[in-house]
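What follows is a short report on a single structure.
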Amino acid sequence: MKVFMKSLFALLLILNAAMAADPLPSWNDTAPKKNIIAFVDRVVKESSPDFVPVAERIATFDNDGTLWAEQPMYFQGLFAIDRVKVLAPQQPEWKTKEPFASILTGNYAAAFAGGERSIMELVMATHAGMSTEEFEQIVRDWVAAARHPKTERAYTEMVYKPMLELLGYLRASGFKTFIVSGGGVEFMRPWIEEVYGIPPEQVIGSSIKTKFDLTHGKPAIIRLPELNFIDDKAGKPLAINLHIGRRPIAAFGNSDGDLQMLQWATTGKGARLALIVHHTDGVREWAYDRNSLVGRLDKALDEAKARNWTIVDMKNDWKTIFPFERN
């Protein structure tokens with residue numbers, strides 16, 4: 001037993017030394033990895049002209065397509081579809097009412113043909129009319145049971161291993177990491193701390209209106225079928241300013257919905273880092289950008305090239321994409 005423990009301890013020392021030497025082991029030694037490490041070195045060394053105090057080391061991350069996958073559709077959309085199927089027996093009128101009728105027959109393209117109006121109707125019908133505590137439990141139960149239609153993995157396994165390493169590297173370097181996503185804030189908060197190590201108070205997202213309710217002496221916050229805020233595009237800098245109160249010095253995204261956040265982060269004084277995850281691996285993940293209905297990357301890609309932002313080519317810059325992937 002003593003020999004085994006000594007061998008295990010020696011192995012742990014070797015692994016720790018390897019991690020210290022390479023904080024991003026799932027990244028290939030290409031330009032994006034070098035840019036990240038160089039940026040962190042510049043802002044954490046007190047002797048550097050670009051040194052940034054710990055309190056000002058703010059990094060913001062989009063979620064869908066940046067930290068976890070977003071195909072064949074945003075995972076919160078798949079959650080809403082599953083909720084329609086659960087609630088359908090209580091709503092017989094949905095058999096003939098769109099977008100619910102098409103969802104119940106599996107015709108998702110027709111269900112979402114109505115665009116934003118259909119999406120909002122779907123969200124309000126499946127995300128409102130309950131307390132925040134009840135909704136949190138519904139999300140937790142779904143995350144525990146639901147599986148991705150292609151990989152058959154839990155959705156929380158569909159996270160990007162290189163980005164998990166990046167989150168850990170930044171926090172070890174004194175950064176405070178925030179989620180700034182177009183997804184629902186109360187959809188994300190129940191599981192994000194366990195998966196990303198980011199506490200719920202550092203999660204910013206879209207929201208519906210709520211009200212305080214005191215029935216039979218028991219206080220509750222009730223979710224209402226009314227939109228409160230969409231945390232996307234120009235809404236992201238506004239939400240950062242409102243909820244964080246500091247301009248981030250590093251921002252990470254993957255689509256045109258993140259463009260304004262990246263612009264906001266990089267136009268401040270001192271050293272700045274903007275990074276875009278470009279989905280180029282059609283074998284291990286998906287390949288899409290300018291013409292995609294989900295996570296469209298068009299204007300932001302052009303601006304990234306013009307402004308020399310860091311662009312991660314998934315196929316060429318990441319050794320591993322998912323934690324469950326075998327190299």
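Labels used: A, B, ... for chains in the order of the structure tokens, numbers from 1 for residues in each chain, and numbers from 1 for ligands as shown.
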>> Neighbouring residues of region 117-130 of chain A were defined as those with any atom within 12 Å, considering only C-alpha atoms; residues of the same chain fewer than 5 positions away were excluded. Please report them as a ChimeraX atom specification.
In response: /A:74,76-88,90-91,94,97-103,108-112,135-139,183-187,206-213,220-228,230
Would you pick out the contacts of Thr280 (chain A) at 7 Å or less, using only C-alpha atoms, so that residues sharing its chain but fewer than 3 positions from it are not included, and give the list as a PDB file with C-alpha atoms, in the first residue's frame?
```pdb
ATOM      1  CA  TRP A 286     -20.246  20.905 -36.561  1.00  0.00           C
ATOM      2  CA  ALA A 287     -18.977  23.231 -39.279  1.00  0.00           C
ATOM      3  CA  TYR A 288     -20.990  26.435 -39.737  1.00  0.00           C
ATOM      4  CA  ASP A 313     -10.262  27.342 -35.613  1.00  0.00           C
ATOM      5  CA  MET A 314     -11.805  24.356 -33.816  1.00  0.00           C
ATOM      6  CA  LYS A 315     -10.447  21.820 -36.285  1.00  0.00           C
TER       7      LYS A 315
END
```
> Using only C-alpha atoms, which residues sit within 9 Å of Ala265 (chain A) once same-chain residues fewer than 2 positions away are excluded, as a PyMOL selection string?
Replying inline: chain A and resi 59-60+237+247-251+260-263+267-268+272-274
Keeping all heavy atoms for every residue in the selection just given, could you write it to a file as a compact mmCIF listing (two decimals), in the first residue's frame?
```txt
# COMPACT_ATOMS: atom_id res chain seq x y z
N ALA A 59 -13.44 38.89 -17.09
CA ALA A 59 -13.57 38.18 -18.36
C ALA A 59 -15.02 37.73 -18.54
O ALA A 59 -15.61 37.16 -17.61
CB ALA A 59 -12.64 36.97 -18.40
N THR A 60 -15.60 38.00 -19.71
CA THR A 60 -16.98 37.63 -19.97
C THR A 60 -17.05 36.59 -21.09
O THR A 60 -16.34 36.69 -22.09
CB THR A 60 -17.82 38.86 -20.35
OG1 THR A 60 -17.20 39.54 -21.47
CG2 THR A 60 -17.92 39.83 -19.18
N PRO A 237 -23.48 44.54 -23.77
CA PRO A 237 -22.75 45.61 -23.07
C PRO A 237 -23.61 46.32 -22.03
O PRO A 237 -23.12 46.69 -20.96
CB PRO A 237 -22.33 46.56 -24.19
CG PRO A 237 -22.36 45.74 -25.43
CD PRO A 237 -23.45 44.75 -25.24
N ARG A 247 -15.85 47.37 -17.18
CA ARG A 247 -15.66 46.91 -18.56
C ARG A 247 -14.71 45.72 -18.54
O ARG A 247 -13.62 45.79 -17.97
CB ARG A 247 -15.07 48.03 -19.41
CG ARG A 247 -15.07 47.72 -20.91
CD ARG A 247 -14.22 48.73 -21.68
NE ARG A 247 -14.72 50.08 -21.56
CZ ARG A 247 -15.19 50.80 -22.57
NH1 ARG A 247 -15.24 50.29 -23.78
NH2 ARG A 247 -15.60 52.04 -22.39
N PRO A 248 -15.09 44.60 -19.15
CA PRO A 248 -14.18 43.44 -19.17
C PRO A 248 -12.92 43.74 -19.97
O PRO A 248 -12.95 44.54 -20.91
CB PRO A 248 -15.02 42.34 -19.83
CG PRO A 248 -16.07 43.07 -20.60
CD PRO A 248 -16.36 44.33 -19.84
N ILE A 249 -11.83 43.10 -19.59
CA ILE A 249 -10.60 43.24 -20.37
C ILE A 249 -10.41 42.05 -21.31
O ILE A 249 -9.51 42.04 -22.15
CB ILE A 249 -9.35 43.40 -19.47
CG1 ILE A 249 -9.10 42.14 -18.64
CG2 ILE A 249 -9.48 44.63 -18.59
CD1 ILE A 249 -7.76 42.16 -17.92
N ALA A 250 -11.29 41.04 -21.16
CA ALA A 250 -11.27 39.89 -22.06
C ALA A 250 -12.70 39.43 -22.29
O ALA A 250 -13.50 39.38 -21.36
CB ALA A 250 -10.44 38.75 -21.47
N ALA A 251 -13.02 39.13 -23.55
CA ALA A 251 -14.37 38.68 -23.88
C ALA A 251 -14.29 37.56 -24.90
O ALA A 251 -13.43 37.58 -25.80
CB ALA A 251 -15.21 39.84 -24.42
N GLN A 260 -21.11 43.05 -30.18
CA GLN A 260 -21.07 44.28 -29.38
C GLN A 260 -20.35 44.09 -28.05
O GLN A 260 -19.67 45.00 -27.56
CB GLN A 260 -22.49 44.81 -29.15
CG GLN A 260 -23.15 45.38 -30.39
CD GLN A 260 -23.83 44.33 -31.26
OE1 GLN A 260 -23.63 43.14 -31.08
NE2 GLN A 260 -24.64 44.78 -32.20
N MET A 261 -20.43 42.90 -27.47
CA MET A 261 -19.69 42.63 -26.24
C MET A 261 -18.19 42.66 -26.51
O MET A 261 -17.41 43.21 -25.71
CB MET A 261 -20.09 41.26 -25.67
CG MET A 261 -19.31 40.86 -24.41
SD MET A 261 -19.89 39.32 -23.66
CE MET A 261 -19.34 38.10 -24.86
N LEU A 262 -17.77 42.09 -27.63
CA LEU A 262 -16.35 42.08 -27.98
C LEU A 262 -15.87 43.50 -28.30
O LEU A 262 -14.76 43.88 -27.92
CB LEU A 262 -16.12 41.15 -29.18
CG LEU A 262 -16.47 39.68 -28.96
CD1 LEU A 262 -16.36 38.92 -30.27
CD2 LEU A 262 -15.59 39.03 -27.91
N GLN A 263 -16.69 44.27 -28.97
CA GLN A 263 -16.34 45.66 -29.25
C GLN A 263 -16.18 46.45 -27.95
O GLN A 263 -15.23 47.22 -27.78
CB GLN A 263 -17.43 46.31 -30.12
CG GLN A 263 -17.50 45.78 -31.53
CD GLN A 263 -18.73 46.28 -32.28
OE1 GLN A 263 -19.76 46.57 -31.68
NE2 GLN A 263 -18.62 46.39 -33.60
N THR A 267 -12.32 48.12 -26.66
CA THR A 267 -12.10 49.54 -26.91
C THR A 267 -11.71 50.30 -25.64
O THR A 267 -11.58 51.51 -25.65
CB THR A 267 -13.33 50.20 -27.54
OG1 THR A 267 -14.50 49.88 -26.76
CG2 THR A 267 -13.53 49.73 -28.96
N GLY A 268 -11.51 49.58 -24.55
CA GLY A 268 -11.02 50.22 -23.33
C GLY A 268 -9.52 50.41 -23.38
O GLY A 268 -8.83 49.99 -24.31
N ARG A 272 -6.02 44.18 -24.00
CA ARG A 272 -7.37 43.65 -24.21
C ARG A 272 -7.29 42.36 -25.02
O ARG A 272 -6.38 42.18 -25.83
CB ARG A 272 -8.24 44.65 -24.97
CG ARG A 272 -8.38 46.00 -24.27
CD ARG A 272 -9.45 45.97 -23.20
NE ARG A 272 -9.25 47.01 -22.20
CZ ARG A 272 -10.14 47.32 -21.27
NH1 ARG A 272 -11.29 46.67 -21.22
NH2 ARG A 272 -9.88 48.25 -20.38
N LEU A 273 -8.25 41.47 -24.80
CA LEU A 273 -8.30 40.22 -25.56
C LEU A 273 -9.74 39.95 -25.98
O LEU A 273 -10.64 39.93 -25.15
CB LEU A 273 -7.79 39.04 -24.72
CG LEU A 273 -7.91 37.66 -25.37
CD1 LEU A 273 -6.98 37.55 -26.57
CD2 LEU A 273 -7.59 36.55 -24.36
N ALA A 274 -9.94 39.75 -27.27
CA ALA A 274 -11.22 39.31 -27.81
C ALA A 274 -10.97 38.00 -28.55
O ALA A 274 -10.04 37.90 -29.34
CB ALA A 274 -11.81 40.35 -28.75
```
>> I need the strand (DSSP E) residues of region 24-197 of chain A per DSSP on the backbone, written as a ChimeraX atom specification.
In response: /A:58-61,176-184
> What are the DSSP helix (DSSP H, G or I) residues of region 18-195 of chain A, as number ranges by chain?
Replying inline: A: 18-21, 31-44, 54-56, 75-90, 92-95, 100-104, 108-111, 116-127, 132-145, 155-157, 161-172, 185-195
Output of the above residues as a short mmCIF file (atom, residue, chain, number, x, y, z; two decimals), in the first residue's frame, restricted to C-alpha atoms:
```cif
data_model
loop_
_atom_site.label_atom_id
_atom_site.label_comp_id
_atom_site.auth_asym_id
_atom_site.auth_seq_id
_atom_site.Cartn_x
_atom_site.Cartn_y
_atom_site.Cartn_z
CA ALA A 18 2.71 19.32 -16.55
CA MET A 19 -0.32 21.53 -15.91
CA ALA A 20 1.91 24.29 -14.55
CA ALA A 21 4.05 24.07 -17.69
CA ALA A 31 -1.57 31.26 -32.49
CA PRO A 32 -4.75 31.35 -30.31
CA LYS A 33 -3.11 29.51 -27.42
CA LYS A 34 0.00 31.67 -27.68
CA ASN A 35 -2.12 34.84 -27.77
CA ILE A 36 -4.04 33.84 -24.64
CA ILE A 37 -0.95 32.98 -22.62
CA ALA A 38 0.88 36.12 -23.78
CA PHE A 39 -2.11 38.27 -22.81
CA VAL A 40 -2.38 36.72 -19.35
CA ASP A 41 1.36 37.17 -18.78
CA ARG A 42 1.09 40.85 -19.73
CA VAL A 43 -1.73 41.65 -17.33
CA VAL A 44 -0.67 39.61 -14.27
CA VAL A 54 -6.93 41.73 -9.65
CA ALA A 55 -10.16 43.67 -9.08
CA GLU A 56 -10.14 44.79 -12.72
CA PHE A 75 -30.29 23.60 -25.95
CA GLN A 76 -32.83 25.78 -24.17
CA GLY A 77 -35.00 25.40 -27.28
CA LEU A 78 -34.78 21.63 -26.92
CA PHE A 79 -35.72 22.04 -23.26
CA ALA A 80 -38.81 24.05 -24.30
CA ILE A 81 -39.78 21.34 -26.82
CA ASP A 82 -39.55 18.67 -24.14
CA ARG A 83 -41.65 20.86 -21.82
CA VAL A 84 -44.37 21.13 -24.50
CA LYS A 85 -44.56 17.34 -24.65
CA VAL A 86 -44.81 17.10 -20.86
CA LEU A 87 -47.50 19.79 -20.59
CA ALA A 88 -49.52 18.76 -23.66
CA PRO A 89 -51.96 16.46 -21.81
CA GLN A 90 -53.05 19.48 -19.74
CA PRO A 92 -55.65 19.77 -25.39
CA GLU A 93 -55.98 22.92 -27.55
CA TRP A 94 -52.29 22.60 -28.44
CA LYS A 95 -53.15 19.75 -30.85
CA PHE A 100 -47.40 23.59 -30.38
CA ALA A 101 -49.19 21.38 -32.94
CA SER A 102 -46.10 21.11 -35.13
CA ILE A 103 -43.89 20.36 -32.14
CA LEU A 104 -46.19 17.55 -31.04
CA TYR A 108 -39.87 21.54 -35.71
CA ALA A 109 -39.12 23.49 -38.87
CA ALA A 110 -42.81 24.39 -39.19
CA ALA A 111 -43.01 25.14 -35.46
CA GLU A 116 -39.39 35.32 -33.01
CA ARG A 117 -43.16 35.34 -32.40
CA SER A 118 -43.30 31.52 -32.33
CA ILE A 119 -40.24 31.32 -30.10
CA MET A 120 -41.64 33.82 -27.61
CA GLU A 121 -45.00 32.03 -27.48
CA LEU A 122 -43.24 28.74 -26.87
CA VAL A 123 -41.01 30.17 -24.13
CA MET A 124 -43.84 31.91 -22.32
CA ALA A 125 -45.98 28.77 -22.34
CA THR A 126 -43.21 26.55 -20.98
CA HIS A 127 -41.13 28.86 -18.76
CA THR A 132 -38.53 30.44 -9.49
CA GLU A 133 -37.86 27.50 -7.16
CA GLU A 134 -40.22 25.25 -9.13
CA PHE A 135 -38.61 26.28 -12.41
CA GLU A 136 -35.13 25.64 -11.03
CA GLN A 137 -36.11 22.08 -10.09
CA ILE A 138 -37.65 21.48 -13.52
CA VAL A 139 -34.38 22.57 -15.16
CA ARG A 140 -32.31 20.40 -12.81
CA ASP A 141 -34.46 17.35 -13.56
CA TRP A 142 -34.23 17.95 -17.32
CA VAL A 143 -30.46 18.44 -17.27
CA ALA A 144 -30.09 15.19 -15.33
CA ALA A 145 -32.29 13.14 -17.68
CA TYR A 155 -26.18 18.27 -22.41
CA THR A 156 -23.75 19.20 -19.65
CA GLU A 157 -21.26 16.80 -21.25
CA LYS A 161 -12.83 20.93 -22.79
CA PRO A 162 -10.43 23.63 -24.08
CA MET A 163 -12.78 26.33 -22.77
CA LEU A 164 -13.06 24.63 -19.38
CA GLU A 165 -9.27 24.77 -19.21
CA LEU A 166 -9.35 28.43 -20.22
CA LEU A 167 -11.85 29.27 -17.46
CA GLY A 168 -9.63 27.55 -14.90
CA TYR A 169 -6.48 29.22 -16.23
CA LEU A 170 -8.01 32.68 -16.03
CA ARG A 171 -9.33 32.16 -12.51
CA ALA A 172 -5.95 30.84 -11.40
CA VAL A 185 -30.58 33.42 -16.83
CA GLU A 186 -32.72 31.11 -14.69
CA PHE A 187 -32.27 28.28 -17.17
CA MET A 188 -28.49 28.52 -16.78
CA ARG A 189 -28.03 29.18 -13.07
CA PRO A 190 -29.11 25.75 -11.74
CA TRP A 191 -26.25 23.86 -13.42
CA ILE A 192 -23.53 26.33 -14.40
CA GLU A 193 -21.59 26.38 -11.14
CA GLU A 194 -21.16 22.61 -11.16
CA VAL A 195 -20.14 22.53 -14.83
#
```
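Counting only C-alpha atoms, the residue from A:Ala146, A:Ile58, A:Tyr160, A:Asp22 that sits nearest to Phe324 (chain A) is A:Tyr160.
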> Distance CA of Glu325 (chain A)-CA of Arg147 (chain A), one decimal place?
Replying inline: 16.3 Å
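For the set A:Phe229, A:Trp27, A:Phe51, A:Phe61, the residue with the smallest atom-to-atom gap to Ile179 (chain A) is A:Phe61, counting only C-alpha atoms.
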> Rounded to one decimal in Å, what is the spacing between CA of Glu201 (chain A) and CA of Lys269 (chain A)?
Replying inline: 26.5 Å
>> Just want the 6 Å neighbourhood of region 293-298 of chain A, counted on only C-alpha atoms, with same-chain residues fewer than 3 positions away dropped. Output as number ranges by chain.
In response: A: 255-256, 289-290, 301
Would you mind exporting the chosen residues as a PDB file, in the first residue's frame, restricted to C-alpha atoms?
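In the end it all went to result.pdb:
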```pdb
ATOM      1  CA  SER A 255     -21.430  34.619 -33.180  1.00  0.00           C
ATOM      2  CA  ASP A 256     -22.759  37.963 -34.347  1.00  0.00           C
ATOM      3  CA  ASP A 289     -20.687  30.214 -39.750  1.00  0.00           C
ATOM      4  CA  ARG A 290     -22.140  32.826 -42.127  1.00  0.00           C
ATOM      5  CA  LEU A 301     -15.934  37.227 -38.302  1.00  0.00           C
TER       6      LEU A 301
END
```
